[in-house]
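Content type mmCIF, C-alpha atoms, from the file entry15.cif:
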```cif
data_query
loop_
_atom_site.group_PDB
_atom_site.id
_atom_site.type_symbol
_atom_site.label_atom_id
_atom_site.label_comp_id
_atom_site.auth_asym_id
_atom_site.auth_seq_id
_atom_site.Cartn_x
_atom_site.Cartn_y
_atom_site.Cartn_z
ATOM 1 C CA MET A 94 -5.893 4.173 4.844
ATOM 2 C CA PHE A 95 -3.390 1.296 4.890
ATOM 3 C CA LEU A 96 0.104 1.686 3.431
ATOM 4 C CA ASP A 97 2.652 -0.798 2.167
ATOM 5 C CA GLU A 98 5.895 -0.632 0.199
ATOM 6 C CA GLY A 99 7.868 -2.899 -2.102
ATOM 7 C CA GLY A 100 11.476 -3.079 -3.217
ATOM 8 C CA ASP A 101 14.500 -1.840 -1.301
ATOM 9 C CA LEU A 102 16.395 1.394 -0.803
ATOM 10 C CA ASN A 103 19.641 0.024 -2.181
ATOM 11 C CA PHE A 104 20.355 2.428 -5.034
ATOM 12 C CA SER A 105 23.309 0.437 -6.360
ATOM 13 C CA PRO A 106 22.998 -1.988 -9.321
ATOM 14 C CA THR A 107 22.446 -4.851 -6.856
ATOM 15 C CA GLY A 108 19.214 -3.320 -5.532
ATOM 16 C CA THR A 109 15.733 -3.661 -6.973
ATOM 17 C CA ARG A 110 15.018 -1.602 -10.070
ATOM 18 C CA TYR A 111 11.789 -0.186 -8.647
ATOM 19 C CA PHE A 112 10.429 0.953 -5.320
ATOM 20 C CA THR A 113 6.656 1.050 -4.905
ATOM 21 C CA MET A 114 4.256 2.498 -2.354
ATOM 22 C CA THR A 115 0.608 1.502 -2.297
ATOM 23 C CA ALA A 116 -2.331 2.892 -0.331
ATOM 24 C CA LEU A 117 -5.459 0.846 0.326
ATOM 25 C CA THR A 118 -8.291 3.213 1.268
ATOM 26 C CA VAL A 119 -11.392 1.803 2.919
ATOM 27 C CA THR A 120 -14.272 2.999 5.058
ATOM 28 C CA ARG A 121 -16.104 1.080 7.738
ATOM 29 C CA PRO A 122 -17.429 -1.548 7.813
ATOM 30 C CA PHE A 123 -14.210 -3.077 6.514
ATOM 31 C CA PRO A 124 -14.901 -5.638 3.785
ATOM 32 C CA PHE A 125 -12.001 -8.053 4.242
ATOM 33 C CA ASN A 126 -12.122 -9.158 7.870
ATOM 34 C CA THR A 127 -14.754 -11.882 7.630
ATOM 35 C CA PRO A 128 -13.725 -13.496 4.314
ATOM 36 C CA LEU A 129 -10.016 -13.546 5.150
ATOM 37 C CA VAL A 130 -10.491 -14.846 8.693
ATOM 38 C CA GLU A 131 -12.707 -17.588 7.267
ATOM 39 C CA LEU A 132 -10.085 -18.326 4.615
ATOM 40 C CA LYS A 133 -7.296 -18.476 7.178
ATOM 41 C CA TYR A 134 -9.072 -21.167 9.171
ATOM 42 C CA ASP A 135 -10.204 -23.010 6.037
ATOM 43 C CA LEU A 136 -6.543 -23.279 5.084
ATOM 44 C CA VAL A 137 -5.539 -24.337 8.594
ATOM 45 C CA GLU A 138 -8.120 -27.151 8.420
ATOM 46 C CA LEU A 139 -6.591 -28.196 5.099
ATOM 47 C CA GLY A 140 -3.187 -28.574 6.744
ATOM 48 C CA GLU A 141 -1.596 -25.153 6.189
ATOM 49 C CA ASP A 142 0.212 -23.479 9.099
ATOM 50 C CA ILE A 143 -0.847 -19.855 8.672
ATOM 51 C CA GLU A 144 -0.547 -17.173 11.330
ATOM 52 C CA TYR A 145 -1.237 -14.309 8.912
ATOM 53 C CA PHE A 146 -1.012 -13.622 5.180
ATOM 54 C CA HIS A 147 2.146 -12.217 3.596
ATOM 55 C CA ALA A 148 2.353 -12.275 -0.183
ATOM 56 C CA SER A 149 6.096 -12.757 -0.623
ATOM 57 C CA GLU A 150 6.203 -15.614 1.893
ATOM 58 C CA ASP A 151 2.935 -17.430 1.155
ATOM 59 C CA THR A 152 2.860 -20.347 -1.254
ATOM 60 C CA GLN A 153 1.282 -19.841 -4.659
ATOM 61 C CA LYS A 154 -1.623 -22.030 -3.588
ATOM 62 C CA VAL A 155 -2.310 -19.727 -0.632
ATOM 63 C CA ARG A 156 -1.801 -16.581 -2.717
ATOM 64 C CA ASP A 157 -4.369 -17.805 -5.238
ATOM 65 C CA ARG A 158 -6.977 -18.195 -2.502
ATOM 66 C CA VAL A 159 -6.152 -14.829 -0.907
ATOM 67 C CA PHE A 160 -6.360 -12.974 -4.212
ATOM 68 C CA GLU A 161 -9.675 -14.690 -4.893
ATOM 69 C CA ALA A 162 -11.029 -13.351 -1.587
ATOM 70 C CA ILE A 163 -9.592 -9.890 -2.224
ATOM 71 C CA GLN A 164 -11.001 -9.710 -5.747
ATOM 72 C CA ALA A 165 -14.466 -10.624 -4.506
ATOM 73 C CA ASN A 166 -14.467 -7.654 -2.106
ATOM 74 C CA LEU A 167 -12.921 -4.834 -4.119
ATOM 75 C CA GLY A 168 -16.152 -2.931 -4.649
ATOM 76 C CA ARG A 169 -15.786 -0.689 -1.589
ATOM 77 C CA VAL A 170 -12.066 0.074 -1.687
ATOM 78 C CA ARG A 171 -9.628 2.097 -3.753
ATOM 79 C CA ILE A 172 -5.987 1.327 -4.470
ATOM 80 C CA ASP A 173 -3.395 3.959 -5.370
ATOM 81 C CA SER A 174 0.241 3.251 -6.176
ATOM 82 C CA LEU A 175 3.351 5.343 -6.634
ATOM 83 C CA ILE A 176 6.204 3.897 -8.693
ATOM 84 C CA VAL A 177 9.844 4.978 -8.344
ATOM 85 C CA GLU A 178 12.416 3.883 -10.913
ATOM 86 C CA LYS A 179 15.333 4.109 -8.515
ATOM 87 C CA ARG A 180 18.157 4.721 -10.997
ATOM 88 C CA LYS A 181 16.467 8.023 -11.885
ATOM 89 C CA THR A 182 16.561 9.198 -8.268
ATOM 90 C CA GLY A 183 19.062 12.012 -7.766
ATOM 91 C CA PRO A 184 21.758 11.482 -5.100
ATOM 92 C CA ALA A 185 20.360 14.217 -2.856
ATOM 93 C CA LEU A 186 16.970 12.504 -2.739
ATOM 94 C CA ARG A 187 18.228 9.050 -1.777
ATOM 95 C CA ALA A 188 18.545 9.634 1.971
ATOM 96 C CA GLU A 189 15.616 8.037 3.838
ATOM 97 C CA VAL A 190 14.782 11.234 5.718
ATOM 98 C CA ARG A 191 14.131 13.001 2.409
ATOM 99 C CA PHE A 192 13.081 10.142 0.130
ATOM 100 C CA TYR A 193 10.217 8.897 2.328
ATOM 101 C CA PRO A 194 8.504 12.224 3.035
ATOM 102 C CA GLU A 195 8.601 13.299 -0.604
ATOM 103 C CA MET A 196 7.478 10.011 -2.157
ATOM 104 C CA LEU A 197 4.785 9.373 0.426
ATOM 105 C CA GLY A 198 3.596 12.958 0.142
ATOM 106 C CA TYR A 199 3.062 12.518 -3.608
ATOM 107 C CA LEU A 200 1.101 9.310 -3.069
ATOM 108 C CA LEU A 201 -1.125 10.805 -0.375
ATOM 109 C CA ARG A 202 -1.986 13.783 -2.573
ATOM 110 C CA TYR A 203 -3.426 11.487 -5.226
ATOM 111 C CA VAL A 204 -5.397 9.523 -2.655
ATOM 112 C CA VAL A 205 -6.874 12.578 -0.930
ATOM 113 C CA LYS A 206 -7.804 14.226 -4.233
ATOM 114 C CA GLY A 207 -9.853 11.173 -5.147
ATOM 115 C CA VAL A 208 -11.819 10.846 -1.898
ATOM 116 C CA PRO A 209 -15.044 12.866 -1.398
ATOM 117 C CA GLN A 210 -13.921 15.176 1.382
ATOM 118 C CA GLU A 211 -17.361 16.374 2.373
ATOM 119 C CA SER A 212 -18.032 12.921 3.821
ATOM 120 C CA LEU A 213 -14.831 12.753 5.884
ATOM 121 C CA ASP A 214 -14.823 13.186 9.632
ATOM 122 C CA GLY A 215 -11.401 11.648 10.232
ATOM 123 C CA VAL A 216 -8.495 9.870 8.546
ATOM 124 C CA VAL A 217 -6.322 7.232 10.185
ATOM 125 C CA VAL A 218 -3.232 6.055 8.317
ATOM 126 C CA PHE A 219 -1.846 2.628 9.244
ATOM 127 C CA THR A 220 1.576 1.250 8.382
ATOM 128 C CA ASP A 221 3.342 -1.912 9.416
ATOM 129 C CA VAL A 222 5.665 -1.530 12.401
ATOM 130 C CA ILE A 223 8.695 0.568 11.403
ATOM 131 C CA PRO A 224 11.700 -0.357 13.570
ATOM 132 C CA LEU A 225 13.990 2.503 12.509
ATOM 133 C CA LYS A 226 13.120 5.675 14.389
ATOM 134 C CA ARG A 227 14.287 8.060 11.642
ATOM 135 C CA LYS A 228 12.207 6.274 9.020
ATOM 136 C CA ARG A 229 9.170 6.200 11.319
ATOM 137 C CA GLN A 230 9.508 9.913 11.970
ATOM 138 C CA ALA A 231 9.873 10.628 8.233
ATOM 139 C CA VAL A 232 6.674 8.710 7.479
ATOM 140 C CA GLU A 233 4.760 10.473 10.247
ATOM 141 C CA LYS A 234 5.981 13.874 9.074
ATOM 142 C CA ALA A 235 4.941 13.197 5.475
ATOM 143 C CA VAL A 236 1.470 12.040 6.473
ATOM 144 C CA LYS A 237 0.790 14.864 8.890
ATOM 145 C CA VAL A 238 2.124 17.674 6.688
ATOM 146 C CA THR A 239 0.342 16.419 3.562
ATOM 147 C CA LEU A 240 -3.004 15.724 5.209
ATOM 148 C CA ALA A 241 -2.982 18.955 7.210
ATOM 149 C CA GLY A 242 -2.567 20.880 3.978
ATOM 150 C CA MET A 243 -5.260 19.048 2.017
ATOM 151 C CA LEU A 244 -8.038 17.992 4.350
ATOM 152 C CA PRO A 245 -10.912 20.337 5.237
ATOM 153 C CA LYS A 246 -10.474 22.245 8.468
ATOM 154 C CA GLY A 247 -11.539 20.211 11.463
ATOM 155 C CA VAL A 248 -10.988 16.767 9.902
ATOM 156 C CA ARG A 249 -8.809 14.808 12.302
ATOM 157 C CA HIS A 250 -5.874 12.710 11.104
ATOM 158 C CA ARG A 251 -3.211 10.564 12.695
ATOM 159 C CA VAL A 252 -0.657 7.823 11.938
ATOM 160 C CA LEU A 253 -0.468 4.418 13.640
ATOM 161 C CA HIS A 254 2.190 1.728 13.237
ATOM 162 C CA HIS A 255 0.689 -1.724 13.816
ATOM 163 C CA ALA A 256 2.123 -5.156 13.121
ATOM 164 C CA SER A 257 0.646 -6.354 9.835
ATOM 165 C CA LYS A 258 -0.420 -9.624 11.442
ATOM 166 C CA SER A 259 -2.862 -7.606 13.585
ATOM 167 C CA SER A 260 -4.803 -6.218 10.608
ATOM 168 C CA MET A 261 -6.392 -7.944 7.638
ATOM 169 C CA GLU A 262 -6.398 -4.594 5.821
ATOM 170 C CA LEU A 263 -2.616 -4.239 6.221
ATOM 171 C CA GLN A 264 -2.292 -7.761 4.851
ATOM 172 C CA VAL A 265 -4.477 -6.835 1.871
ATOM 173 C CA ALA A 266 -2.359 -3.707 1.294
ATOM 174 C CA ASP A 267 0.700 -5.970 1.310
ATOM 175 C CA TYR A 268 -0.884 -8.233 -1.305
ATOM 176 C CA CYS A 269 -1.934 -5.314 -3.499
ATOM 177 C CA ASN A 270 1.471 -3.678 -3.346
ATOM 178 C CA TRP A 271 3.152 -7.023 -4.062
ATOM 179 C CA ALA A 272 1.019 -7.342 -7.189
ATOM 180 C CA VAL A 273 1.948 -3.832 -8.353
ATOM 181 C CA PHE A 274 5.635 -4.381 -7.585
ATOM 182 C CA ARG A 275 5.687 -7.677 -9.509
ATOM 183 C CA LYS A 276 4.185 -5.953 -12.527
ATOM 184 C CA TRP A 277 6.902 -3.297 -12.636
ATOM 185 C CA GLU A 278 9.913 -5.264 -11.384
ATOM 186 C CA ARG A 279 9.298 -8.546 -13.213
ATOM 187 C CA ARG A 280 6.697 -7.688 -15.863
ATOM 188 C CA ASP A 281 4.433 -10.241 -14.166
ATOM 189 C CA ASN A 282 0.821 -9.056 -14.457
ATOM 190 C CA ARG A 283 -0.912 -12.175 -13.176
ATOM 191 C CA SER A 284 -1.776 -10.859 -9.716
ATOM 192 C CA TYR A 285 -1.973 -7.228 -10.832
ATOM 193 C CA ASP A 286 -4.805 -8.046 -13.206
ATOM 194 C CA LEU A 287 -6.822 -9.444 -10.276
ATOM 195 C CA ILE A 288 -6.799 -6.149 -8.355
ATOM 196 C CA ALA A 289 -6.889 -3.761 -11.324
ATOM 197 C CA GLY A 290 -10.623 -3.187 -10.857
ATOM 198 C CA ALA A 291 -9.953 -1.183 -7.678
ATOM 199 C CA LEU A 292 -6.807 0.586 -8.881
ATOM 200 C CA ARG A 293 -7.571 4.308 -9.100
ATOM 201 C CA SER A 294 -4.121 5.744 -9.809
ATOM 202 C CA GLU A 295 -0.710 4.419 -10.732
ATOM 203 C CA PHE A 296 1.896 7.173 -10.763
ATOM 204 C CA ASP A 297 5.335 6.657 -12.297
ATOM 205 C CA ILE A 298 6.906 9.654 -10.636
ATOM 206 C CA PHE A 299 9.983 10.167 -12.810
ATOM 207 C CA ARG A 300 8.075 9.882 -16.059
ATOM 208 C CA ALA A 301 5.919 12.809 -14.970
ATOM 209 C CA SER A 302 2.844 10.857 -15.976
ATOM 210 C CA TYR A 303 0.229 8.755 -14.287
ATOM 211 C CA LYS A 304 -2.687 6.522 -15.068
ATOM 212 C CA LEU A 305 -6.142 7.072 -13.643
ATOM 213 C CA TYR A 306 -8.702 4.288 -13.762
ATOM 214 C CA TYR A 307 -12.361 5.283 -13.442
#
```
Would you mind writing the structure in this file as structure tokens?
Amino acid sequence: MFLDEGGDLNFSPTGTRYFTMTALTVTRPFPFNTPLVELKYDLVELGEDIEYFHASEDTQKVRDRVFEAIQANLGRVRIDSLIVEKRKTGPALRAEVRFYPEMLGYLLRYVVKGVPQESLDGVVVFTDVIPLKRKRQAVEKAVKVTLAGMLPKGVRHRVLHHASKSSMELQVADYCNWAVFRKWERRDNRSYDLIAGALRSEFDIFRASYKLYY
């Protein structure tokens, strides 16, 4: 499972309206490595200087090609997103050490419920590198507590923090979360529509409702 987030944790009027978390769940063999590595070097040969893909920093021309590659390989993945309208977040919940475990815990519950558990022998959760120790510890706590309570006995689980440039799947999670965030923050559905075929849940937490896509 590969996690990414969008928006900021500035709860004042100058911050983003929404905060999003997205989980990309895949099983081996991973579907994105070959097409995205090929695309990276195709773009380099065309004159682009690309070390890795990052949706908010890539040009629209690059994003179009990346989303094309992602869309062509969505058949073996699931995408789940949690949406937080920040102005509805109570003051006591805004501290990182509480906000992250609770929000991430909600997201993971929807992911785990939708995965056939009889076929699981282990779950590894990847995030991008998290420089702040307290935030890293909050994420690890949320993952471990939630998975320990939901997975069948004996199924191993752990959390790893890897630089996104080291993993095509983390880069795909970034692109998927960017698409979801753009939909909610800017009402821009262009990229969202490209990944919607693999979106399995989209939970607006403070509306107490969610969408399931099956």
Nearest to Glu161 in chain A, chosen from A:Tyr268, A:Tyr134, A:Phe123, A:Tyr203, with only C-alpha atoms counted in the distances: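 Once distances to Glu161 in chain A are computed over only C-alpha atoms, the minimum belongs to A:Tyr268.
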Neighbour residues at most 6 Å from (8.5, 8.1, -8.6) (all atoms listed in the file) as a list in words: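 Residues close enough to count: Ile176, Val177, Asp297, Ile298 and Phe299 of chain A.
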Result set of the PyMOL selection byres ((chain A and resi 222) around 8) on the coordinates above, as an NGL selection string: :A and (220-221 or 223-224 or 254-257)
Among the residues A:Ile288, A:Ala235, A:Val130, A:Leu263, the one that comes closest to Pro194 in chain A [using all atoms listed in the file]: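 Smallest separation from Pro194 in chain A among the options: A:Ala235.
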Expand the PyMOL selection byres ((chain A and resi 98) around 9) into the explicit residue set it covers here, and present it as a PDB file with C-alpha atoms, keeping the file's coordinate frame.
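expr.pdb, written as the output of this step:
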```
ATOM      1  CA  LEU A  96       0.104   1.686   3.431  1.00  0.00           C
ATOM      2  CA  ASP A  97       2.652  -0.798   2.167  1.00  0.00           C
ATOM      3  CA  GLY A  99       7.868  -2.899  -2.102  1.00  0.00           C
ATOM      4  CA  GLY A 100      11.476  -3.079  -3.217  1.00  0.00           C
ATOM      5  CA  ASP A 101      14.500  -1.840  -1.301  1.00  0.00           C
ATOM      6  CA  PHE A 112      10.429   0.953  -5.320  1.00  0.00           C
ATOM      7  CA  THR A 113       6.656   1.050  -4.905  1.00  0.00           C
ATOM      8  CA  MET A 114       4.256   2.498  -2.354  1.00  0.00           C
ATOM      9  CA  THR A 115       0.608   1.502  -2.297  1.00  0.00           C
ATOM     10  CA  ALA A 116      -2.331   2.892  -0.331  1.00  0.00           C
ATOM     11  CA  ALA A 266      -2.359  -3.707   1.294  1.00  0.00           C
ATOM     12  CA  ASP A 267       0.700  -5.970   1.310  1.00  0.00           C
ATOM     13  CA  ASN A 270       1.471  -3.678  -3.346  1.00  0.00           C
ATOM     14  CA  TRP A 271       3.152  -7.023  -4.062  1.00  0.00           C
ATOM     15  CA  PHE A 274       5.635  -4.381  -7.585  1.00  0.00           C
TER      16      PHE A 274
END
```
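Remark: for Ile143 in chain A, the closest of the candidate residues A:Lys206, A:Lys228, A:Ala165, A:Lys258 is A:Lys258 (distances computed over all atoms listed in the file).
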Evaluate the PyMOL selection byres ((chain A and resi 240) around 10) and report residues as a VMD selection string: chain A and resid 198 201 to 202 205 216 234 to 239 241 to 245 248 to 251
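Taking CA of Asp214 in chain A as the reference point, CA of Ser260 in chain A is found at 21.9 Å.
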Between CA of Arg156 in chain A and CA of Arg279 in chain A, distance in Å (one decimal):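 Answer for the CA of Arg156 in chain A to CA of Arg279 in chain A separation: 17.3 Å.
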